file entry.txt (compact mmCIF, C-alpha atoms)
# COMPACT_ATOMS: atom_id res chain seq x y z
CA MET A 12 46.96 -125.60 197.64
CA VAL A 13 46.18 -124.21 201.09
CA HIS A 14 43.33 -121.70 201.07
CA LEU A 15 44.00 -119.22 203.84
CA THR A 16 41.38 -117.88 206.24
CA LYS A 17 40.57 -114.17 206.48
CA GLU A 18 42.29 -114.09 209.87
CA ALA A 19 45.46 -115.72 208.52
CA ILE A 20 45.54 -113.28 205.60
CA GLU A 21 45.20 -110.32 207.94
CA GLN A 22 48.11 -111.60 210.02
CA ILE A 23 50.29 -112.05 206.95
CA GLU A 24 49.38 -108.53 205.79
CA GLY A 25 50.40 -107.27 209.22
CA ILE A 26 53.75 -109.07 209.12
CA TRP A 27 54.55 -107.63 205.66
CA LYS A 28 53.30 -104.15 206.58
CA GLY A 29 55.63 -103.89 209.60
CA VAL A 30 58.89 -104.14 207.64
CA PRO A 31 60.46 -101.91 204.95
CA HIS A 32 59.71 -103.91 201.80
CA VAL A 33 62.63 -103.16 199.49
CA ASP A 34 65.12 -103.14 202.35
CA ILE A 35 64.12 -106.52 203.75
CA THR A 36 63.99 -107.97 200.23
CA ALA A 37 67.50 -106.69 199.46
CA HIS A 38 68.78 -108.28 202.66
CA ALA A 39 66.95 -111.54 201.92
CA LEU A 40 68.61 -111.57 198.50
CA GLU A 41 72.04 -110.88 200.01
CA ARG A 42 71.41 -113.75 202.42
CA VAL A 43 70.23 -116.24 199.80
CA PHE A 44 73.21 -115.37 197.56
CA GLU A 45 75.68 -115.95 200.40
CA VAL A 46 74.11 -118.93 202.17
CA PHE A 47 73.09 -120.75 198.95
CA PRO A 48 75.62 -119.47 196.40
CA TRP A 49 74.22 -121.52 193.51
CA THR A 50 71.34 -119.03 193.49
CA THR A 51 73.75 -116.53 191.92
CA ARG A 52 73.82 -118.65 188.74
CA LEU A 53 71.66 -116.33 186.66
CA PHE A 54 73.08 -113.12 188.12
CA LYS A 55 76.50 -113.09 186.46
CA SER A 56 75.71 -109.52 185.37
CA PHE A 57 76.10 -108.48 189.02
CA HIS A 58 79.84 -109.21 188.64
CA GLY A 59 80.15 -110.63 192.12
CA HIS A 60 78.39 -107.71 193.83
CA PHE A 61 75.77 -109.44 195.93
CA LYS A 62 75.43 -107.21 198.98
CA ALA A 63 72.10 -105.61 199.86
CA ASN A 64 73.35 -102.13 199.00
CA ASP A 65 74.83 -103.09 195.62
CA ASN A 66 72.98 -101.63 192.64
CA GLY A 67 72.07 -104.93 190.99
CA VAL A 68 70.65 -106.33 194.23
CA GLN A 69 68.75 -103.12 194.94
CA GLU A 70 67.17 -103.11 191.46
CA HIS A 71 66.23 -106.76 191.73
CA ALA A 72 64.88 -106.20 195.26
CA LYS A 73 62.53 -103.50 193.95
CA LYS A 74 61.07 -105.94 191.40
CA VAL A 75 60.71 -108.77 193.91
CA ALA A 76 59.24 -106.51 196.63
CA HIS A 77 56.71 -105.13 194.16
CA ALA A 78 55.63 -108.66 193.23
CA LEU A 79 55.33 -109.59 196.90
CA ASP A 80 53.19 -106.48 197.48
CA LEU A 81 50.82 -107.73 194.78
CA ALA A 82 50.88 -111.23 196.27
CA VAL A 83 49.99 -109.98 199.76
CA LYS A 84 47.10 -107.91 198.39
CA ASP A 85 45.44 -111.02 196.90
CA ILE A 86 46.94 -114.06 198.61
CA ASN A 87 44.34 -116.58 197.52
CA GLY A 88 44.75 -115.39 193.92
CA ILE A 89 48.52 -115.86 193.72
CA ASN A 90 48.50 -118.72 191.18
CA HIS A 91 46.35 -116.69 188.80
CA ASN A 92 48.13 -113.38 189.38
CA PHE A 93 51.62 -114.89 188.96
CA GLU A 94 50.85 -116.75 185.73
CA LYS A 95 52.93 -114.47 183.51
CA LEU A 96 55.72 -114.20 186.12
CA SER A 97 55.89 -117.98 186.30
CA ILE A 98 56.23 -118.30 182.52
CA LYS A 99 58.93 -115.62 182.58
CA HIS A 100 60.91 -117.39 185.31
CA GLN A 101 60.89 -120.65 183.37
CA GLN A 102 62.07 -118.81 180.25
CA LEU A 103 64.90 -117.33 182.31
CA GLY A 104 65.81 -120.85 183.45
CA VAL A 105 65.26 -120.39 187.19
CA ASP A 106 65.21 -123.63 189.21
CA THR A 107 61.97 -123.52 191.21
CA HIS A 108 63.79 -124.77 194.31
CA ASN A 109 65.42 -121.34 194.44
CA PHE A 110 62.04 -119.82 195.35
CA LYS A 111 61.94 -121.98 198.48
CA LEU A 112 65.50 -120.96 199.38
CA LEU A 113 64.61 -117.27 199.05
CA GLY A 114 61.52 -117.97 201.18
CA GLN A 115 63.75 -119.36 203.96
CA ALA A 116 66.03 -116.30 203.67
CA PHE A 117 62.96 -114.08 204.09
CA LEU A 118 61.88 -116.02 207.21
CA VAL A 119 65.29 -115.43 208.78
CA GLN A 120 65.14 -111.71 207.89
CA LEU A 121 61.66 -111.48 209.43
CA ALA A 122 62.99 -113.15 212.60
CA ILE A 123 65.82 -110.59 212.72
CA ALA A 124 63.32 -107.75 212.22
CA TYR A 125 60.74 -108.91 214.73
CA LYS A 126 62.96 -110.96 217.11
CA THR A 127 60.82 -113.02 219.52
CA GLU A 128 57.66 -111.27 218.25
CA PHE A 129 58.14 -113.54 215.24
CA THR A 130 56.37 -116.30 217.15
CA PRO A 131 56.07 -119.90 215.90
CA GLN A 132 52.51 -119.04 214.83
CA LYS A 133 53.61 -116.02 212.76
CA HIS A 134 56.53 -118.07 211.42
CA LYS A 135 54.06 -120.72 210.22
CA LEU A 136 51.87 -118.11 208.47
CA ALA A 137 54.86 -116.46 206.82
CA LEU A 138 56.09 -119.89 205.72
CA GLU A 139 52.66 -120.66 204.22
CA PHE A 140 52.72 -117.34 202.34
CA PHE A 141 56.18 -117.96 200.87
CA LYS A 142 55.19 -121.54 199.96
CA MET A 143 52.21 -120.10 198.07
CA VAL A 144 54.44 -117.55 196.32
CA ALA A 145 56.87 -120.33 195.36
CA ALA A 146 54.00 -122.49 194.12
CA GLY A 147 52.57 -119.61 192.09
CA LEU A 148 55.95 -118.93 190.48
CA SER A 149 56.35 -122.65 189.72
CA ASN A 150 52.82 -123.26 188.50
CA GLU A 151 53.32 -122.60 184.77
CA TYR A 152 56.54 -124.63 184.44
CA HIS A 153 56.21 -127.52 182.06
CA MET B 23 81.62 -130.89 202.68
CA VAL B 24 84.57 -128.75 203.59
CA LEU B 25 84.32 -126.34 206.49
CA SER B 26 86.70 -123.44 205.97
CA ASP B 27 88.80 -122.03 208.83
CA LEU B 28 86.39 -119.09 208.97
CA ASN B 29 83.40 -121.46 209.06
CA LYS B 30 84.98 -123.34 211.98
CA LYS B 31 85.71 -120.14 213.89
CA VAL B 32 82.14 -118.89 213.38
CA ILE B 33 80.62 -122.27 214.35
CA GLY B 34 82.79 -122.44 217.49
CA ASN B 35 81.59 -118.97 218.53
CA LEU B 36 78.00 -119.90 217.76
CA GLY B 37 78.30 -122.99 219.99
CA LYS B 38 79.50 -120.78 222.85
CA LYS B 39 76.50 -118.45 222.38
CA ILE B 40 74.00 -121.30 222.19
CA LYS B 41 75.34 -123.27 225.19
CA PRO B 42 74.01 -121.03 228.01
CA GLN B 43 70.60 -120.88 226.35
CA VAL B 44 70.05 -124.48 225.23
CA LYS B 45 66.77 -124.81 227.11
CA LEU B 46 65.23 -121.62 225.69
CA LEU B 47 66.54 -122.07 222.14
CA GLY B 48 65.88 -125.81 221.99
CA ALA B 49 62.26 -125.44 223.06
CA ASP B 50 61.72 -122.51 220.68
CA ALA B 51 63.16 -124.41 217.71
CA LEU B 52 61.06 -127.48 218.45
CA GLU B 53 57.86 -125.45 218.84
CA ARG B 54 58.60 -123.89 215.43
CA LEU B 55 59.20 -127.34 213.94
CA PHE B 56 55.97 -128.78 215.36
CA THR B 57 53.94 -125.68 214.41
CA CYS B 58 55.29 -125.26 210.87
CA HIS B 59 55.68 -128.97 210.05
CA PRO B 60 53.10 -130.93 212.06
CA GLN B 61 54.25 -134.22 210.52
CA ALA B 62 57.29 -133.98 212.82
CA LYS B 63 54.96 -134.66 215.75
CA SER B 64 54.61 -138.22 214.43
CA TYR B 65 57.78 -139.16 216.29
CA PHE B 66 56.49 -137.88 219.62
CA THR B 67 53.13 -139.55 220.10
CA ASN B 68 53.98 -139.79 223.82
CA PHE B 69 54.16 -135.98 224.15
CA SER B 70 51.19 -134.32 225.87
CA GLY B 71 52.00 -130.91 224.39
CA PHE B 72 54.10 -129.37 221.62
CA THR B 73 54.84 -125.85 222.80
CA ALA B 74 58.00 -124.36 224.28
CA LYS B 75 56.27 -124.35 227.68
CA ASP B 76 55.86 -128.13 227.74
CA LYS B 77 58.49 -129.95 229.80
CA GLN B 78 58.83 -132.85 227.35
CA VAL B 79 59.57 -130.35 224.56
CA GLN B 80 62.06 -128.50 226.76
CA ASP B 81 63.85 -131.71 227.74
CA HIS B 82 64.08 -132.85 224.14
CA GLY B 83 65.29 -129.43 223.05
CA VAL B 84 68.10 -129.60 225.61
CA LEU B 85 69.04 -133.08 224.40
CA VAL B 86 69.29 -132.00 220.76
CA LEU B 87 71.01 -128.65 221.27
CA ASP B 88 73.48 -130.08 223.81
CA ALA B 89 74.46 -132.60 221.12
CA LEU B 90 74.80 -129.85 218.51
CA VAL B 91 76.90 -127.69 220.83
CA GLU B 92 79.13 -130.67 221.63
CA ALA B 93 79.51 -131.34 217.90
CA THR B 94 80.87 -127.79 217.45
CA ASN B 95 83.85 -128.95 219.53
CA HIS B 96 84.60 -131.81 217.13
CA LEU B 97 84.50 -130.12 213.73
CA ASP B 98 87.63 -131.94 212.53
CA ASN B 99 86.19 -135.31 213.45
CA LEU B 100 82.43 -135.17 212.90
CA PRO B 101 81.93 -138.62 211.29
CA HIS B 102 83.60 -140.41 214.19
CA HIS B 103 82.04 -138.11 216.82
CA LEU B 104 78.52 -138.64 215.47
CA GLU B 105 78.84 -142.38 214.76
CA ASP B 106 76.80 -143.56 217.75
CA LEU B 107 74.08 -140.99 217.17
CA ALA B 108 73.99 -142.01 213.51
CA LYS B 109 73.52 -145.67 214.47
CA LYS B 110 70.76 -144.70 216.91
CA HIS B 111 68.87 -142.67 214.28
CA GLY B 112 69.39 -145.23 211.54
CA THR B 113 68.48 -148.41 213.36
CA ASN B 114 66.34 -147.39 216.30
CA LEU B 115 64.67 -143.98 215.94
CA LEU B 116 64.16 -144.20 212.16
CA VAL B 117 63.25 -140.52 211.80
CA ASP B 118 62.59 -139.74 208.13
CA PRO B 119 65.73 -137.80 207.14
CA HIS B 120 63.61 -135.10 205.46
CA ASN B 121 62.71 -133.84 208.94
CA PHE B 122 66.31 -132.94 209.77
CA ALA B 123 66.45 -130.32 207.01
CA LEU B 124 63.13 -128.87 208.17
CA PHE B 125 64.46 -128.73 211.73
CA SER B 126 67.67 -127.07 210.55
CA ASP B 127 65.60 -124.30 208.93
CA CYS B 128 63.62 -123.84 212.15
CA ILE B 129 66.78 -123.64 214.27
CA ALA B 130 68.08 -120.92 211.91
CA VAL B 131 64.93 -118.86 212.54
CA THR B 132 65.26 -119.45 216.31
CA LEU B 133 68.85 -118.21 216.27
CA ALA B 134 67.88 -115.19 214.13
CA ALA B 135 65.12 -114.29 216.58
CA HIS B 136 67.15 -114.73 219.76
CA LEU B 137 70.80 -113.96 219.06
CA SER B 138 72.10 -110.42 218.75
CA GLU B 139 73.66 -111.29 215.40
CA PHE B 140 72.89 -113.81 212.65
CA CYS B 141 74.45 -112.26 209.58
CA PRO B 142 74.70 -114.14 206.26
CA THR B 143 78.27 -115.30 207.04
CA THR B 144 77.16 -116.81 210.36
CA HIS B 145 74.02 -118.27 208.75
CA CYS B 146 76.09 -119.83 205.96
CA ALA B 147 78.54 -121.46 208.40
CA PHE B 148 75.66 -122.71 210.53
CA ASP B 149 73.83 -124.13 207.50
CA LYS B 150 76.99 -125.90 206.28
CA PHE B 151 77.57 -127.33 209.77
CA LEU B 152 73.98 -128.60 210.08
CA GLU B 153 74.19 -130.07 206.58
CA GLU B 154 77.26 -132.07 207.62
CA VAL B 155 75.67 -133.17 210.91
CA ILE B 156 72.56 -134.26 209.00
CA HIS B 157 74.69 -136.09 206.44
CA GLN B 158 76.33 -138.03 209.28
CA LEU B 159 73.01 -138.75 211.02
CA ASN B 160 71.67 -140.17 207.75
CA SER B 161 74.72 -142.32 207.11
CA GLN B 162 73.60 -145.50 208.85
CA TYR B 163 70.04 -145.83 207.58
CA ARG B 164 70.78 -148.11 204.61

call {"tool": "encode", "arguments": {"input": "entry.txt", "output": "structure tokens"}}
result
Amino acid sequence: MVHLTKEAIEQIEGIWKGVPHVDITAHALERVFEVFPWTTRLFKSFHGHFKANDNGVQEHAKKVAHALDLAVKDINGINHNFEKLSIKHQQLGVDTHNFKLLGQAFLVQLAIAYKTEFTPQKHKLALEFFKMVAAGLSNEYH
Amino acid sequence: MVLSDLNKKVIGNLGKKIKPQVKLLGADALERLFTCHPQAKSYFTNFSGFTAKDKQVQDHGVLVLDALVEATNHLDNLPHHLEDLAKKHGTNLLVDPHNFALFSDCIAVTLAAHLSEFCPTTHCAFDKFLEEVIHQLNSQYR
């Protein structure tokens, strides 16, 4: 696992701080559900309502955004801090590849939010962060 | 892979938006690829630099995006249209196919950062189109 420098962590914190957390998460979810529709597999309870403003997506966005807040606050401790979340996701039957797909959706949302300020260097750091989140969520699968 | 009529319309429009900016967008996408996935540089050991400002990167970006834009004009005939490029990649260039998916993700971020619109519907059509192009490029490796 990549161990990020203090400088890299500060930059990631800055990227996350500059966007509205629940809003960007809801839009990332809408995007992942539309671009990679198999990610809707475990969300049949949403009854086909997968837009950012739909209730189910909003509720799920709040949970995901909260977890990402915790991840950003202690990036190098993600594997430890996400232990229970990882176990829960396996119990729910979530394919770990979905975490990478949501990560890509987030990168696109960040590019839309920041436009060309989302430089290749910031893109790389954000990618590293979402890879670490995905790894943390996958870590307890067996 | 079936491109719907809506997909084809969206991809055609996207090609028209990308065409006047191939140099800018191509270089940006490549810099993102080389920054986020340094293993991609393995295929360019003759390059003296890997940023959007480097001429070799700009020239290669134009080459790739010109080909993608041209492919948007042949959506009903992609296998035949891409046959020569597929042979070139499969017998001569021998780029590990994994890199194409990584590059596709980087191009998506480039488009999100630079275009005025990259909504989930556009992103989905683009991703399907790239997936088909990649499938064709991979078709003559073995």

call {"tool": "interface_residues", "arguments": {"input": "entry.txt", "of": "chain A", "to": "chain B", "cutoff": "8 Å", "atoms": "only C-alpha atoms", "output": "PDB file with C-alpha atoms, keeping the file's coordinate frame"}}
result
ATOM      1  CA  GLU A  41      72.040-110.880 200.010  1.00  0.00           C
ATOM      2  CA  ARG A  42      71.410-113.750 202.420  1.00  0.00           C
ATOM      3  CA  GLU A  45      75.680-115.950 200.400  1.00  0.00           C
ATOM      4  CA  VAL A  46      74.110-118.930 202.170  1.00  0.00           C
ATOM      5  CA  PHE A  47      73.090-120.750 198.950  1.00  0.00           C
ATOM      6  CA  GLN A 115      63.750-119.360 203.960  1.00  0.00           C
ATOM      7  CA  LEU A 118      61.880-116.020 207.210  1.00  0.00           C
ATOM      8  CA  VAL A 119      65.290-115.430 208.780  1.00  0.00           C
ATOM      9  CA  GLN A 120      65.140-111.710 207.890  1.00  0.00           C
ATOM     10  CA  ALA A 122      62.990-113.150 212.600  1.00  0.00           C
ATOM     11  CA  ILE A 123      65.820-110.590 212.720  1.00  0.00           C
ATOM     12  CA  TYR A 125      60.740-108.910 214.730  1.00  0.00           C
ATOM     13  CA  LYS A 126      62.960-110.960 217.110  1.00  0.00           C
ATOM     14  CA  THR A 127      60.820-113.020 219.520  1.00  0.00           C
ATOM     15  CA  PHE A 129      58.140-113.540 215.240  1.00  0.00           C
ATOM     16  CA  PRO A 131      56.070-119.900 215.900  1.00  0.00           C
ATOM     17  CA  GLN A 132      52.510-119.040 214.830  1.00  0.00           C
ATOM     18  CA  HIS A 134      56.530-118.070 211.420  1.00  0.00           C
ATOM     19  CA  LYS A 135      54.060-120.720 210.220  1.00  0.00           C
ATOM     20  CA  LEU A 138      56.090-119.890 205.720  1.00  0.00           C
TER      21      LEU A 138
END

call {"tool": "residues_around", "arguments": {"input": "entry.txt", "residues": "Lys111 of chain A", "least_positions_apart": "4", "cutoff": "10 Å", "atoms": "all atoms listed in the file", "output": "MDAnalysis selection string"}}
result
chainID A and resid 106:107 115:117 138 141:146

call {"tool": "write_last_selection", "arguments": {"input": "entry.txt", "atoms": "C-alpha atoms", "output": "tab-separated table (two decimals), keeping the file's coordinate frame"}}
result
chain	number	residue	atom	x	y	z
A	106	ASP	CA	65.21	-123.63	189.21
A	107	THR	CA	61.97	-123.52	191.21
A	115	GLN	CA	63.75	-119.36	203.96
A	116	ALA	CA	66.03	-116.30	203.67
A	117	PHE	CA	62.96	-114.08	204.09
A	138	LEU	CA	56.09	-119.89	205.72
A	141	PHE	CA	56.18	-117.96	200.87
A	142	LYS	CA	55.19	-121.54	199.96
A	143	MET	CA	52.21	-120.10	198.07
A	144	VAL	CA	54.44	-117.55	196.32
A	145	ALA	CA	56.87	-120.33	195.36
A	146	ALA	CA	54.00	-122.49	194.12

call {"tool": "residues_around", "arguments": {"input": "entry.txt", "residues": "segment 85-102 of chain A", "least_positions_apart": "4", "cutoff": "8 Å", "atoms": "only C-alpha atoms", "output": "number ranges by chain"}}
result
A: 14-15, 20, 81, 106, 140, 143-144, 146-152

call {"tool": "closest_residue", "arguments": {"input": "entry.txt", "among": "B:Leu115, B:Leu47, B:Leu28, B:Leu36", "to": "Leu159 of chain B", "atoms": "all atoms listed in the file"}}
result
B:Leu115

call {"tool": "atom_distance", "arguments": {"input": "entry.txt", "atom1": "atom CA of His77 of chain A", "atom2": "atom CA of Ala63 of chain A"}}
result
16.4 Å

call {"tool": "atom_distance", "arguments": {"input": "entry.txt", "atom1": "atom CA of Leu53 of chain A", "atom2": "atom CA of Thr36 of chain A"}}
result
17.7 Å

call {"tool": "closest_residue", "arguments": {"input": "entry.txt", "among": "B:Gln78, B:Asn99, B:Gln61, B:Asn68", "to": "Val24 of chain B", "atoms": "only C-alpha atoms"}}
result
B:Asn99

call {"tool": "atom_distance", "arguments": {"input": "entry.txt", "atom1": "atom CA of Ile23 of chain A", "atom2": "atom CA of Ala82 of chain A"}}
result
10.7 Å

call {"tool": "closest_residue", "arguments": {"input": "entry.txt", "among": "B:Gln162, B:Lys45, B:Leu87, B:Lys38", "to": "Lys109 of chain B", "atoms": "only C-alpha atoms"}}
result
B:Gln162

call {"tool": "residues_near_point", "arguments": {"input": "entry.txt", "point": "(70.8, -119.1, 188.0)", "cutoff": "9 Å", "atoms": "all atoms listed in the file", "output": "list of chain:residue names"}}
result
A:Trp49, A:Thr50, A:Thr51, A:Arg52, A:Leu53, A:Phe54, A:Lys55, A:Leu103, A:Gly104, A:Val105, A:Asp106, A:Asn109

call {"tool": "closest_residue", "arguments": {"input": "entry.txt", "among": "A:Val30, A:Ala19, A:Leu121, A:Ile35", "to": "Gln69 of chain A", "atoms": "only C-alpha atoms"}}
result
A:Ile35

call {"tool": "decode", "arguments": {"input": "entry.txt", "residues": "segment 98-109 of chain B", "atoms": "all heavy atoms", "output": "PDB file, in the first residue's frame"}}
result
ATOM      1  N   ASP B  98     -21.032   2.626 -37.491  1.00  0.00           N
ATOM      2  CA  ASP B  98     -21.740   1.434 -37.971  1.00  0.00           C
ATOM      3  C   ASP B  98     -20.784   0.414 -38.563  1.00  0.00           C
ATOM      4  O   ASP B  98     -21.207  -0.639 -39.035  1.00  0.00           O
ATOM      5  CB  ASP B  98     -22.772   1.844 -39.027  1.00  0.00           C
ATOM      6  CG  ASP B  98     -23.918   2.614 -38.398  1.00  0.00           C
ATOM      7  OD1 ASP B  98     -24.242   2.316 -37.224  1.00  0.00           O
ATOM      8  OD2 ASP B  98     -24.480   3.514 -39.047  1.00  0.00           O
ATOM      9  N   ASN B  99     -19.493   0.750 -38.545  1.00  0.00           N
ATOM     10  CA  ASN B  99     -18.528  -0.085 -39.246  1.00  0.00           C
ATOM     11  C   ASN B  99     -17.181  -0.113 -38.522  1.00  0.00           C
ATOM     12  O   ASN B  99     -16.123  -0.124 -39.157  1.00  0.00           O
ATOM     13  CB  ASN B  99     -18.340   0.511 -40.659  1.00  0.00           C
ATOM     14  CG  ASN B  99     -17.639  -0.427 -41.574  1.00  0.00           C
ATOM     15  OD1 ASN B  99     -17.577  -1.621 -41.323  1.00  0.00           O
ATOM     16  ND2 ASN B  99     -17.057   0.120 -42.634  1.00  0.00           N
ATOM     17  N   LEU B 100     -17.214  -0.079 -37.193  1.00  0.00           N
ATOM     18  CA  LEU B 100     -15.957   0.056 -36.437  1.00  0.00           C
ATOM     19  C   LEU B 100     -14.958  -1.076 -36.675  1.00  0.00           C
ATOM     20  O   LEU B 100     -13.771  -0.804 -36.845  1.00  0.00           O
ATOM     21  CB  LEU B 100     -16.243   0.230 -34.937  1.00  0.00           C
ATOM     22  CG  LEU B 100     -16.651   1.643 -34.504  1.00  0.00           C
ATOM     23  CD1 LEU B 100     -17.039   1.675 -33.034  1.00  0.00           C
ATOM     24  CD2 LEU B 100     -15.541   2.650 -34.757  1.00  0.00           C
ATOM     25  N   PRO B 101     -15.382  -2.342 -36.676  1.00  0.00           N
ATOM     26  CA  PRO B 101     -14.397  -3.420 -36.873  1.00  0.00           C
ATOM     27  C   PRO B 101     -13.600  -3.249 -38.170  1.00  0.00           C
ATOM     28  O   PRO B 101     -12.371  -3.340 -38.161  1.00  0.00           O
ATOM     29  CB  PRO B 101     -15.248  -4.682 -36.903  1.00  0.00           C
ATOM     30  CG  PRO B 101     -16.436  -4.337 -36.094  1.00  0.00           C
ATOM     31  CD  PRO B 101     -16.711  -2.886 -36.389  1.00  0.00           C
ATOM     32  N   HIS B 102     -14.294  -2.969 -39.258  1.00  0.00           N
ATOM     33  CA  HIS B 102     -13.595  -2.801 -40.539  1.00  0.00           C
ATOM     34  C   HIS B 102     -12.735  -1.541 -40.518  1.00  0.00           C
ATOM     35  O   HIS B 102     -11.573  -1.552 -40.939  1.00  0.00           O
ATOM     36  CB  HIS B 102     -14.611  -2.734 -41.686  1.00  0.00           C
ATOM     37  CG  HIS B 102     -13.962  -2.508 -43.015  1.00  0.00           C
ATOM     38  ND1 HIS B 102     -13.194  -3.477 -43.647  1.00  0.00           N
ATOM     39  CD2 HIS B 102     -13.931  -1.421 -43.824  1.00  0.00           C
ATOM     40  CE1 HIS B 102     -12.734  -2.985 -44.783  1.00  0.00           C
ATOM     41  NE2 HIS B 102     -13.157  -1.740 -44.920  1.00  0.00           N
ATOM     42  N   HIS B 103     -13.305  -0.439 -39.969  1.00  0.00           N
ATOM     43  CA  HIS B 103     -12.598   0.845 -39.948  1.00  0.00           C
ATOM     44  C   HIS B 103     -11.314   0.768 -39.135  1.00  0.00           C
ATOM     45  O   HIS B 103     -10.299   1.390 -39.481  1.00  0.00           O
ATOM     46  CB  HIS B 103     -13.519   1.933 -39.378  1.00  0.00           C
ATOM     47  CG  HIS B 103     -12.843   3.259 -39.198  1.00  0.00           C
ATOM     48  ND1 HIS B 103     -12.488   4.059 -40.266  1.00  0.00           N
ATOM     49  CD2 HIS B 103     -12.418   3.898 -38.092  1.00  0.00           C
ATOM     50  CE1 HIS B 103     -11.888   5.139 -39.816  1.00  0.00           C
ATOM     51  NE2 HIS B 103     -11.827   5.080 -38.500  1.00  0.00           N
ATOM     52  N   LEU B 104     -11.339  -0.026 -38.059  1.00  0.00           N
ATOM     53  CA  LEU B 104     -10.181  -0.074 -37.155  1.00  0.00           C
ATOM     54  C   LEU B 104      -9.235  -1.239 -37.438  1.00  0.00           C
ATOM     55  O   LEU B 104      -8.270  -1.448 -36.697  1.00  0.00           O
ATOM     56  CB  LEU B 104     -10.672  -0.139 -35.700  1.00  0.00           C
ATOM     57  CG  LEU B 104     -11.381   1.123 -35.201  1.00  0.00           C
ATOM     58  CD1 LEU B 104     -12.036   0.875 -33.831  1.00  0.00           C
ATOM     59  CD2 LEU B 104     -10.422   2.288 -35.092  1.00  0.00           C
ATOM     60  N   GLU B 105      -9.508  -1.994 -38.516  1.00  0.00           N
ATOM     61  CA  GLU B 105      -8.735  -3.211 -38.788  1.00  0.00           C
ATOM     62  C   GLU B 105      -7.228  -2.962 -38.880  1.00  0.00           C
ATOM     63  O   GLU B 105      -6.426  -3.661 -38.268  1.00  0.00           O
ATOM     64  CB  GLU B 105      -9.238  -3.844 -40.086  1.00  0.00           C
ATOM     65  CG  GLU B 105      -8.963  -5.323 -40.166  1.00  0.00           C
ATOM     66  CD  GLU B 105      -9.451  -5.928 -41.484  1.00  0.00           C
ATOM     67  OE1 GLU B 105     -10.524  -5.494 -41.972  1.00  0.00           O
ATOM     68  OE2 GLU B 105      -8.757  -6.801 -42.001  1.00  0.00           O
ATOM     69  N   ASP B 106      -6.850  -1.941 -39.640  1.00  0.00           N
ATOM     70  CA  ASP B 106      -5.413  -1.672 -39.819  1.00  0.00           C
ATOM     71  C   ASP B 106      -4.759  -1.257 -38.501  1.00  0.00           C
ATOM     72  O   ASP B 106      -3.654  -1.699 -38.181  1.00  0.00           O
ATOM     73  CB  ASP B 106      -5.196  -0.574 -40.870  1.00  0.00           C
ATOM     74  CG  ASP B 106      -5.494  -1.074 -42.269  1.00  0.00           C
ATOM     75  OD1 ASP B 106      -5.608  -2.311 -42.444  1.00  0.00           O
ATOM     76  OD2 ASP B 106      -5.635  -0.234 -43.188  1.00  0.00           O
ATOM     77  N   LEU B 107      -5.469  -0.405 -37.751  1.00  0.00           N
ATOM     78  CA  LEU B 107      -4.926   0.023 -36.465  1.00  0.00           C
ATOM     79  C   LEU B 107      -4.800  -1.172 -35.515  1.00  0.00           C
ATOM     80  O   LEU B 107      -3.859  -1.266 -34.729  1.00  0.00           O
ATOM     81  CB  LEU B 107      -5.829   1.087 -35.818  1.00  0.00           C
ATOM     82  CG  LEU B 107      -5.438   2.545 -36.050  1.00  0.00           C
ATOM     83  CD1 LEU B 107      -6.425   3.473 -35.358  1.00  0.00           C
ATOM     84  CD2 LEU B 107      -4.036   2.833 -35.550  1.00  0.00           C
ATOM     85  N   ALA B 108      -5.766  -2.082 -35.603  1.00  0.00           N
ATOM     86  CA  ALA B 108      -5.741  -3.280 -34.757  1.00  0.00           C
ATOM     87  C   ALA B 108      -4.521  -4.134 -35.096  1.00  0.00           C
ATOM     88  O   ALA B 108      -3.813  -4.617 -34.209  1.00  0.00           O
ATOM     89  CB  ALA B 108      -7.021  -4.083 -34.942  1.00  0.00           C
ATOM     90  N   LYS B 109      -4.263  -4.290 -36.394  1.00  0.00           N
ATOM     91  CA  LYS B 109      -3.086  -5.083 -36.829  1.00  0.00           C
ATOM     92  C   LYS B 109      -1.815  -4.431 -36.313  1.00  0.00           C
ATOM     93  O   LYS B 109      -0.904  -5.100 -35.825  1.00  0.00           O
ATOM     94  CB  LYS B 109      -3.022  -5.153 -38.358  1.00  0.00           C
ATOM     95  CG  LYS B 109      -3.926  -6.171 -38.983  1.00  0.00           C
ATOM     96  CD  LYS B 109      -3.496  -6.523 -40.413  1.00  0.00           C
ATOM     97  CE  LYS B 109      -4.484  -7.499 -41.033  1.00  0.00           C
ATOM     98  NZ  LYS B 109      -5.489  -6.882 -41.911  1.00  0.00           N
TER      99      LYS B 109
END
